[in-house]
Every structure is written in structure tokens, then in C-alpha cells.
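Trainee: Following this line is final_7.tsv, made up of TSV, N, CA and C atoms:
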chain	number	residue	atom	x	y	z
P	864	MET	N	-13.11	-7.72	-21.73
P	864	MET	CA	-12.32	-7.44	-20.57
P	864	MET	C	-12.65	-6.09	-19.94
P	865	ARG	N	-13.31	-5.25	-20.65
P	865	ARG	CA	-13.62	-3.93	-20.11
P	865	ARG	C	-14.84	-3.99	-19.23
P	866	GLY	N	-14.90	-3.05	-18.31
P	866	GLY	CA	-16.06	-2.99	-17.44
P	866	GLY	C	-15.88	-3.83	-16.19
P	867	ASN	N	-16.98	-4.18	-15.59
P	867	ASN	CA	-16.95	-4.90	-14.32
P	867	ASN	C	-17.03	-6.40	-14.48
P	868	ASN	N	-16.95	-6.93	-15.68
P	868	ASN	CA	-17.11	-8.35	-15.90
P	868	ASN	C	-15.80	-9.11	-16.00
P	869	THR	N	-14.67	-8.46	-15.71
P	869	THR	CA	-13.38	-9.12	-15.79
P	869	THR	C	-13.21	-10.04	-14.59
P	870	GLU	N	-12.77	-11.26	-14.86
P	870	GLU	CA	-12.52	-12.21	-13.79
P	870	GLU	C	-11.37	-11.69	-12.93
P	871	PRO	N	-11.44	-11.89	-11.60
P	871	PRO	CA	-10.39	-11.38	-10.71
P	871	PRO	C	-8.98	-11.83	-11.07
P	872	GLU	N	-8.83	-13.07	-11.49
P	872	GLU	CA	-7.50	-13.58	-11.84
P	872	GLU	C	-6.94	-12.84	-13.05
P	873	ILE	N	-7.78	-12.60	-14.05
P	873	ILE	CA	-7.35	-11.88	-15.24
P	873	ILE	C	-7.06	-10.42	-14.90
P	874	ALA	N	-7.89	-9.84	-14.06
P	874	ALA	CA	-7.68	-8.45	-13.64
P	874	ALA	C	-6.34	-8.31	-12.92
P	875	LEU	N	-6.00	-9.26	-12.08
P	875	LEU	CA	-4.73	-9.23	-11.36
P	875	LEU	C	-3.56	-9.35	-12.34
P	876	GLU	N	-3.69	-10.23	-13.32
P	876	GLU	CA	-2.63	-10.38	-14.31
P	876	GLU	C	-2.44	-9.11	-15.13
P	877	ILE	N	-3.53	-8.46	-15.48
P	877	ILE	CA	-3.45	-7.19	-16.22
P	877	ILE	C	-2.79	-6.13	-15.36
P	878	LEU	N	-3.16	-6.07	-14.09
P	878	LEU	CA	-2.56	-5.10	-13.17
P	878	LEU	C	-1.05	-5.35	-13.04
P	879	LEU	N	-0.65	-6.60	-12.86
P	879	LEU	CA	0.77	-6.92	-12.74
P	879	LEU	C	1.53	-6.58	-14.03
P	880	TYR	N	0.94	-6.90	-15.16
P	880	TYR	CA	1.56	-6.57	-16.45
P	880	TYR	C	1.74	-5.05	-16.58
P	881	SER	N	0.70	-4.30	-16.27
P	881	SER	CA	0.76	-2.84	-16.37
P	881	SER	C	1.81	-2.27	-15.42
P	882	TYR	N	1.85	-2.79	-14.21
P	882	TYR	CA	2.83	-2.35	-13.22
P	882	TYR	C	4.25	-2.60	-13.72
P	883	CYS	N	4.48	-3.80	-14.24
P	883	CYS	CA	5.81	-4.14	-14.76
P	883	CYS	C	6.22	-3.22	-15.90
P	884	ARG	N	5.32	-2.98	-16.83
P	884	ARG	CA	5.61	-2.11	-17.98
P	884	ARG	C	5.85	-0.68	-17.55
P	885	THR	N	5.03	-0.18	-16.65
P	885	THR	CA	5.09	1.21	-16.23
P	885	THR	C	6.36	1.51	-15.45
P	886	PHE	N	6.74	0.61	-14.55
P	886	PHE	CA	7.85	0.89	-13.65
P	886	PHE	C	9.10	0.06	-13.95
P	887	SER	N	9.12	-0.60	-15.10
P	887	SER	CA	10.28	-1.42	-15.52
P	887	SER	C	10.69	-2.41	-14.42
P	888	VAL	N	9.71	-3.14	-13.94
P	888	VAL	CA	9.91	-4.12	-12.89
P	888	VAL	C	9.73	-5.50	-13.52
P	889	THR	N	10.52	-6.46	-13.06
P	889	THR	CA	10.35	-7.82	-13.57
P	889	THR	C	9.09	-8.44	-12.95
P	890	PRO	N	8.50	-9.42	-13.63
P	890	PRO	CA	7.33	-10.09	-13.06
P	890	PRO	C	7.63	-10.71	-11.69
P	891	GLU	N	8.84	-11.22	-11.50
P	891	GLU	CA	9.21	-11.81	-10.22
P	891	GLU	C	9.20	-10.75	-9.11
P	892	GLU	N	9.73	-9.56	-9.42
P	892	GLU	CA	9.71	-8.47	-8.45
P	892	GLU	C	8.27	-8.04	-8.16
P	893	ALA	N	7.47	-7.96	-9.18
P	893	ALA	CA	6.08	-7.53	-9.02
P	893	ALA	C	5.31	-8.50	-8.12
P	894	GLN	N	5.57	-9.79	-8.28
P	894	GLN	CA	4.87	-10.78	-7.47
P	894	GLN	C	5.24	-10.68	-5.99
P	895	ASN	N	6.41	-10.09	-5.71
P	895	ASN	CA	6.83	-9.92	-4.32
P	895	ASN	C	6.45	-8.56	-3.75
P	896	THR	N	5.78	-7.74	-4.54
P	896	THR	CA	5.34	-6.42	-4.10
P	896	THR	C	3.91	-6.52	-3.58
P	897	PRO	N	3.63	-5.95	-2.42
P	897	PRO	CA	2.25	-6.00	-1.91
P	897	PRO	C	1.27	-5.35	-2.88
P	898	ILE	N	0.12	-5.96	-3.05
P	898	ILE	CA	-0.88	-5.47	-3.99
P	898	ILE	C	-1.33	-4.05	-3.62
P	899	LYS	N	-1.35	-3.75	-2.34
P	899	LYS	CA	-1.71	-2.40	-1.90
P	899	LYS	C	-0.72	-1.37	-2.45
P	900	THR	N	0.55	-1.71	-2.45
P	900	THR	CA	1.59	-0.82	-2.99
P	900	THR	C	1.44	-0.66	-4.49
P	901	ILE	N	1.19	-1.76	-5.19
P	901	ILE	CA	1.01	-1.71	-6.64
P	901	ILE	C	-0.18	-0.83	-6.98
P	902	ASN	N	-1.30	-1.03	-6.30
P	902	ASN	CA	-2.50	-0.21	-6.55
P	902	ASN	C	-2.22	1.26	-6.31
P	903	LYS	N	-1.53	1.57	-5.22
P	903	LYS	CA	-1.23	2.96	-4.90
P	903	LYS	C	-0.35	3.59	-5.97
P	904	LEU	N	0.71	2.88	-6.38
P	904	LEU	CA	1.61	3.42	-7.40
P	904	LEU	C	0.92	3.58	-8.75
P	905	MET	N	0.06	2.64	-9.10
P	905	MET	CA	-0.65	2.75	-10.37
P	905	MET	C	-1.65	3.90	-10.33
P	906	SER	N	-2.26	4.14	-9.17
P	906	SER	CA	-3.18	5.28	-9.04
P	906	SER	C	-2.43	6.60	-9.18
P	907	ILE	N	-1.28	6.69	-8.55
P	907	ILE	CA	-0.45	7.89	-8.66
P	907	ILE	C	-0.03	8.10	-10.10
P	908	HIS	N	0.40	7.04	-10.75
P	908	HIS	CA	0.82	7.12	-12.16
P	908	HIS	C	-0.33	7.61	-13.04
P	909	GLY	N	-1.53	7.08	-12.80
P	909	GLY	CA	-2.70	7.51	-13.57
P	909	GLY	C	-3.00	8.98	-13.37
P	910	ALA	N	-2.88	9.46	-12.14
P	910	ALA	CA	-3.13	10.87	-11.85
P	910	ALA	C	-2.10	11.75	-12.54
P	911	VAL	N	-0.85	11.33	-12.54
P	911	VAL	CA	0.21	12.10	-13.21
P	911	VAL	C	-0.06	12.15	-14.71
P	912	LYS	N	-0.46	11.04	-15.29
P	912	LYS	CA	-0.75	11.01	-16.73
P	912	LYS	C	-1.92	11.93	-17.08
P	913	GLU	N	-2.92	11.99	-16.21
P	913	GLU	CA	-4.05	12.90	-16.43
P	913	GLU	C	-3.58	14.35	-16.41
P	914	LEU	N	-2.73	14.69	-15.45
P	914	LEU	CA	-2.20	16.05	-15.37
P	914	LEU	C	-1.37	16.40	-16.59
P	915	GLU	N	-0.57	15.45	-17.05
P	915	GLU	CA	0.23	15.66	-18.25
P	915	GLU	C	-0.67	15.93	-19.46
P	916	ALA	N	-1.75	15.16	-19.58
P	916	ALA	CA	-2.67	15.34	-20.71
P	916	ALA	C	-3.34	16.71	-20.64
P	917	GLU	N	-3.70	17.15	-19.43
P	917	GLU	CA	-4.30	18.47	-19.27
P	917	GLU	C	-3.33	19.57	-19.69
P	918	GLU	N	-2.08	19.43	-19.30
P	918	GLU	CA	-1.07	20.44	-19.66
P	918	GLU	C	-0.82	20.46	-21.17
P	919	ILE	N	-0.83	19.31	-21.79
P	919	ILE	CA	-0.67	19.24	-23.25
P	919	ILE	C	-1.85	19.93	-23.93
P	920	ASP	N	-3.05	19.67	-23.44
P	920	ASP	CA	-4.24	20.32	-24.00
P	920	ASP	C	-4.17	21.84	-23.85
P	921	LYS	N	-3.73	22.31	-22.70
P	921	LYS	CA	-3.59	23.75	-22.46
P	921	LYS	C	-2.60	24.35	-23.44
P	922	ALA	N	-1.46	23.67	-23.63
P	922	ALA	CA	-0.44	24.17	-24.55
P	922	ALA	C	-0.96	24.22	-25.98
P	923	LYS	N	-1.71	23.21	-26.38
P	923	LYS	CA	-2.28	23.18	-27.72
P	923	LYS	C	-3.26	24.32	-27.90
P	924	ASN	N	-4.09	24.60	-26.90
P	924	ASN	CA	-5.08	25.67	-26.97
P	924	ASN	C	-4.41	27.04	-27.05
P	925	ARG	N	-3.28	27.22	-26.39
P	925	ARG	CA	-2.56	28.48	-26.44
P	925	ARG	C	-2.00	28.75	-27.83
P	926	ARG	N	-1.55	27.68	-28.49
P	926	ARG	CA	-0.98	27.80	-29.84
P	926	ARG	C	-2.05	28.05	-30.90
P	927	GLY	N	-3.19	27.40	-30.68
P	927	GLY	CA	-4.22	27.32	-31.69
P	927	GLY	C	-5.03	28.53	-31.85
In C-alpha cells, write the structure found in this file.
Mentor:
Amino acid sequence: MRGNNTEPEIALEILLYSYCRTFSVTPEEAQNTPIKTINKLMSIHGAVKELEAEEIDKAKNRRG
């Protein structure tokens, strides 16, 4: 499933699953959300997680 060989249908299901888990949304709600909105929110979430990881690394380096 990793890489560029994922079938579009499976990729969409993975995206919907991730969206539901991340934002505590039901699958029914997710199916009624525009894909553009889901992609945007997941991108923002990914960027926030990256920033969080950087801050954790900085804190660890200060202690160490």
C-alpha cells in the first residue's frame, strides 16, 4: 500500500478512515464532506504534527 502503487479506491478509503480517526467524525459525515476539504484538513493536521515533533526534539536536546 505504500508508495504510488495504491489503487485510487483504496487510497480514498484510507484517507476517509484517517480523517474520521483524526477528527472524530463518523464515516457518514466524512462521506458528505468535500474531498478538497478533507485533503486540506489532513494537510494542516500533518503540518501541525510535524511542528509538534520538532518542538519535542528541541526539548529533548535541551535536556540532554
Trainee: Apply DSSP to the structure's backbone, then extract all residues of chain P labelled helix (DSSP H, G or I) and return them as number ranges by chain.
Mentor: P: 866-868, 871-886, 890-894, 898-926
Trainee: Can you tell me how far atom CA of P:Leu904 sits from atom CA of P:Glu917, in Å to one decimal?
Mentor: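 Interatomic distance here is 20.1 Å.
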Trainee: Check the smallest atom-to-atom distance from each of P:Arg925, P:Leu875, P:Ile907, P:Glu913 to P:Ala893 using only C-alpha atoms, then report the winner.
Mentor: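 Of P:Arg925, P:Leu875, P:Ile907, P:Glu913, the one nearest P:Ala893 is P:Leu875, counting only C-alpha atoms.
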Trainee: Neighbouring residues of P:Gln894 were defined as those with any atom within 12 Å, considering only C-alpha atoms; residues of the same chain fewer than 4 positions away were excluded. Please report them as a PyMOL selection string.
Mentor: chain P and resi 875-876+878-880+882-883+888-890+898+900-901
Trainee: Which residues are close to P:Gly909, i.e. within 12 Å by only C-alpha atoms, leaving aside same-chain residues fewer than 6 positions away? Reply as a tab-separated table (two decimals) with N, CA and C atoms, keeping the file's coordinate frame.
Mentor:
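Below you can see selection-v4.tsv, which holds the result:
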chain	number	residue	atom	x	y	z
P	881	SER	N	0.70	-4.30	-16.27
P	881	SER	CA	0.76	-2.84	-16.37
P	881	SER	C	1.81	-2.27	-15.42
P	882	TYR	N	1.85	-2.79	-14.21
P	882	TYR	CA	2.83	-2.35	-13.22
P	882	TYR	C	4.25	-2.60	-13.72
P	885	THR	N	5.03	-0.18	-16.65
P	885	THR	CA	5.09	1.21	-16.23
P	885	THR	C	6.36	1.51	-15.45
P	902	ASN	N	-1.30	-1.03	-6.30
P	902	ASN	CA	-2.50	-0.21	-6.55
P	902	ASN	C	-2.22	1.26	-6.31
P	903	LYS	N	-1.53	1.57	-5.22
P	903	LYS	CA	-1.23	2.96	-4.90
P	903	LYS	C	-0.35	3.59	-5.97
P	915	GLU	N	-0.57	15.45	-17.05
P	915	GLU	CA	0.23	15.66	-18.25
P	915	GLU	C	-0.67	15.93	-19.46
P	916	ALA	N	-1.75	15.16	-19.58
P	916	ALA	CA	-2.67	15.34	-20.71
P	916	ALA	C	-3.34	16.71	-20.64
Trainee: If I take atom N of P:Arg926 and atom N of P:Lys912, how far is one from the other in Å, to one decimal?
Mentor: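 A separation of 21.3 Å between them.
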Trainee: Go ahead and compute the interatomic distance for atom C of P:Leu914 and atom CA of P:Ser887, in Å to one decimal.
Mentor: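 If I compute the distance from atom C of P:Leu914 to atom CA of P:Ser887, I get 21.3 Å.
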